[in-house]
Structure formats: C-alpha cells, structure tokens
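Step one of this worksheet: look at the structure below.
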There are 2 protein chains.
Amino acid sequence: MKKKMSLAETAADQIMDLIRENGLKAGDRLYNEFELAKRLNVGRSTVREAVKSLESRNILTVRRGAGTFISQTEIVKTDLLGVSLFGRDEQTALELLEVRLILEPESAALAAMLADEDEIKAIQKQNRKVTSQIRHGINHSEEDAKLHQMIAAATKNRIIAKLIPIIQHSVSLAIEITNQELSESSIMYHNQIVEAIARRDPRGARSAMMAHMGENRLYVLKEIERKKRF
Amino acid sequence: MKKKMSLAETAADQIMDLIRENGLKAGDRLYNEFELAKRLNVGRSTVREAVKSLESRNILTVRRGAGTFISQTEIVKTDLLGVSLFGRDEQTALELLEVRLILEPESAALAAMLADEDEIKAIQKQNRKVTSQIRHGINHSEEDAKLHQMIAAATKNRIIAKLIPIIQHSVSLAIEITNQELSESSIMYHNQIVEAIARRDPRGARSAMMAHMGENRLYVLKEIERKKRF
C-alpha cells in the first residue's frame, strides 16, 4: 500500500522548488529539458515525465516549439509540502494524518503543561464554537483547524505553531473532508482534549488527541479499503 | 524561558508569507503601512514594529518618503518555517530540536518496519561515510543530514520525507552547529539506530534516535545556561 516517491515525482517536486526559489510567475518560460536534467541531476526522460505530471496539474504548459511555461503559481506558493504532486487522494491524506498522529498528541501534552490562563480560556471558547457549528450542521473545518492551531500556539514552540497549519492546509489540498459521520465523536474528543489542557493534565491531553487523530486515520483507511472493493 | 510569539513577530511572519505568496522580488515596493495593517488585521504600530524587525534582517528597506521595498528574497524563499525571524539563537534551535525529538524517533521506528533491503544497504553505507568524516575531523553536517533524510525516506511517508530536510535547513539558519564534542556519541547512536533498522527493530530504532536527539537537545540547553551565566 505504501509507495515510494518515484524519480519523476521527486523531479516534479524539485521543479516546484525551482519555481518557488526563483520567483517564477505565470507566463514565465521554464528552463529547457536539457537544462532541467542538468540542474536536477536526472535523465531527460525523467524530466519529461515530471513536466508531464506538472502539466496535468495545470502548473506547466508545454507549447510545441516554443518551450515550457508556468501556467499558475498559486499551488506552488501555498503547497509548501508539495502534496499537490502526490495526487488528490486518500493515500496522501493518510500520510498527512500519520504525521498529525505523531505531532499533535505531543502538541496537546505541551499545551497542557505550558498554556497561559488566557490561552486556556480562548481554547475553551473556540471549542464551544466548533461544537456549536457541528450541532448546527455548519461546515466546521475552518474553526476546527483554528482550535488545533490555538493548542499548537499554546505549546510556546514556534516551530510546532508553524507546522500544524502547513500540514492542515496540505490535508485540505489532498482530500475534501467530508467526515460528517465523525462529528459526534469529534465533539467528544475535543472536549476531552480541552478539559485535559484546562486541568493541566499532559497525559490526558496526549491520549485524547491520539484517540482523535487515530479515529480520523481509521476513517481514511476505511475509505481506502472501500474504494479498493469497487 | 519559553516565549510566545509577539504580535509584531507574527505580523513579520505574515509579511514574509505575503512576499512569498505574491512572488514579490528584490526592489519591489511593499504595501504601505495602512494597507498592511488592514491585510494583517493588526494596528499600525504593530506593522511598524514588524517592518522594523524585517529591516534589521535585511529583508526590507524603508526609504523615507518613497515607501518600503523588498531588499532580498533569498531568506523568504528558503526559510519555509520563518525561523530567520526568531533570531539566530539557541532558543530557536531548542524549539527545532524539540520537534525533531517528536518526529525522528517515529521516523526511525517506521524505517525499521518499512525500509527495503536496498534502502537498508544505502543507509548503512551512508552511516559509514558519516563515521569516517567524524573520525577524520571533517565537517560532517551535510552527510549527517543526508543520513537522517535517508531514514525519513525509508518510512515511505512522503510528508515525513519532506519535513525532515525543511527542519534541518531551519536548524542551520538558527545556529552554527559546532557540537564537535558530541561526535563520538553521534557515532555510537548512529550505529545503534542503523543496526536497529537493519534488524527490523522499531523499538530499538525509536529509542536510539530518541537518545541521539535528546543528547543534542541537552547540548543546546547547556549552551543556553552557559550564556546566561556570562
């Protein structure tokens, strides 16, 4: 089930880095095949495959005889982890959730140890907002993301606070989140996490976040299995 | 010891995001103070403070009467976690090491479960290279980074494989790594990690990586204490 990044995927990813690092804009011409092969230290057939995959994602346009041009840079600029190259699929979402499963329980535990009183109050308020949105059937993904970000910020680790939104944004690039069926248990786990943070209980916050992330991961795993059967 | 990101730091970080997302280049004029305050949803005094901090980092230049201009975009483009704003100091390195301490033991454990035979051989070879560099007193930071990247790639989780180099690059922006005194124990821990991966022992790989990262973290903590005393 797990797949390794192919040479062409890696090359496509590096081309996105090149576009970002050289500040290339929509309409700019990309280096030619020969130049790309040299810069990325791969064969020209790998470059061709990478360019093709970027073309199918509307990042590049190949004009016969004229060269390869940048079509748009929106994705390049906001997709810092390059997940748009992995394809919009459950496998990518699963890998992202594995990372959240590693990071966020520790984030919750640190928050339980280090959150200020005003941060705890703000987290509790945000939790009530998310709960209310779920109860009213309103799309809660944005406010839910914010709740997790506020917990990350309360760790006082600025790297964790930066990473969580980057990963969340990547998840939104990878799949449409439609796990409405998880809403009731999300309310339960959010309450457990927030209560544990409020009573300064790192173990409780860690295990509740682990259960929350683990359930989301299981949901995606089941989706993958379901699709395989059809 | 832990510090929260100030409003101005957050604003400076968001200005870097604006520069990146709008593909602004050196010489381009930045939005004026009023426009920035509106876009970032903060007061003008916060904007002034943020611009000042970016000026001191040679990212912006304020020309009286003419406006604020981008001086260079190198840092903006490669510093995806925005650590250059945190200041080149041990505190930033400590926070980065805390994240490595969360991520890399799991990365090593996953590698022990999922590495292919050829990946294990390549990891062993890379470990011998790093060991030899340390023994010969050659700067091993680049090859050491590569060893950790190869372990991350062997997890088959493409997000972990993307994150590790980003965090490593951030560490190099935060501090000059001069922990020559840790070299002998690095060799020992690298051997433990690589041997555990080769014998498919996730617990062994996890705990050896935890010890390795924990020792590095302790080193930075001691540096912080040492500087405080002077």
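Following the order of the structure tokens, chains are lettered A, B, ..., residues in each are numbered from 1, and ligands are numbered from 1.
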Set the cut-off to 10 Å and count only C-alpha atoms: what are the residues of chain B that reach chain A? Output as a PyMOL selection string.
chain B and resi 1-5+13+17+20-25+73-78+80-83+86+91-99+102-107+114+153-163+166-167+170
As a list in words, please: the residues near Gln126 in chain A (cut-off 10 Å, only C-alpha atoms, same-chain neighbours under 2 positions excluded).
Ile120, Lys121, Ala122, Ile123, Gln124, Arg128, Lys129, Val130, Thr131, Ser132, Glu143, Asp144, Lys146, Leu147, His148, Met150 and Val194 of chain A
Set the distance at 7 Å and use only C-alpha atoms: which residues neighbour range 27-40 of chain B once local chain neighbours fewer than 4 positions away are removed? I'd like the list as a PyMOL selection string.
chain B and resi 11+44+47+67-71
Between CA of Met188 in chain B and CA of His212 in chain B, measure the distance and give it in Å to one decimal.
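CA of His212 in chain B lies at a distance of 9.0 Å from CA of Met188 in chain B.
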Residue list (helix (DSSP H, G or I), DSSP) for range 71-216 of chain A, as a ChimeraX atom specification
/A:74-78,83-86,90-114,117-135,141-154,158-174,180-198,202-216
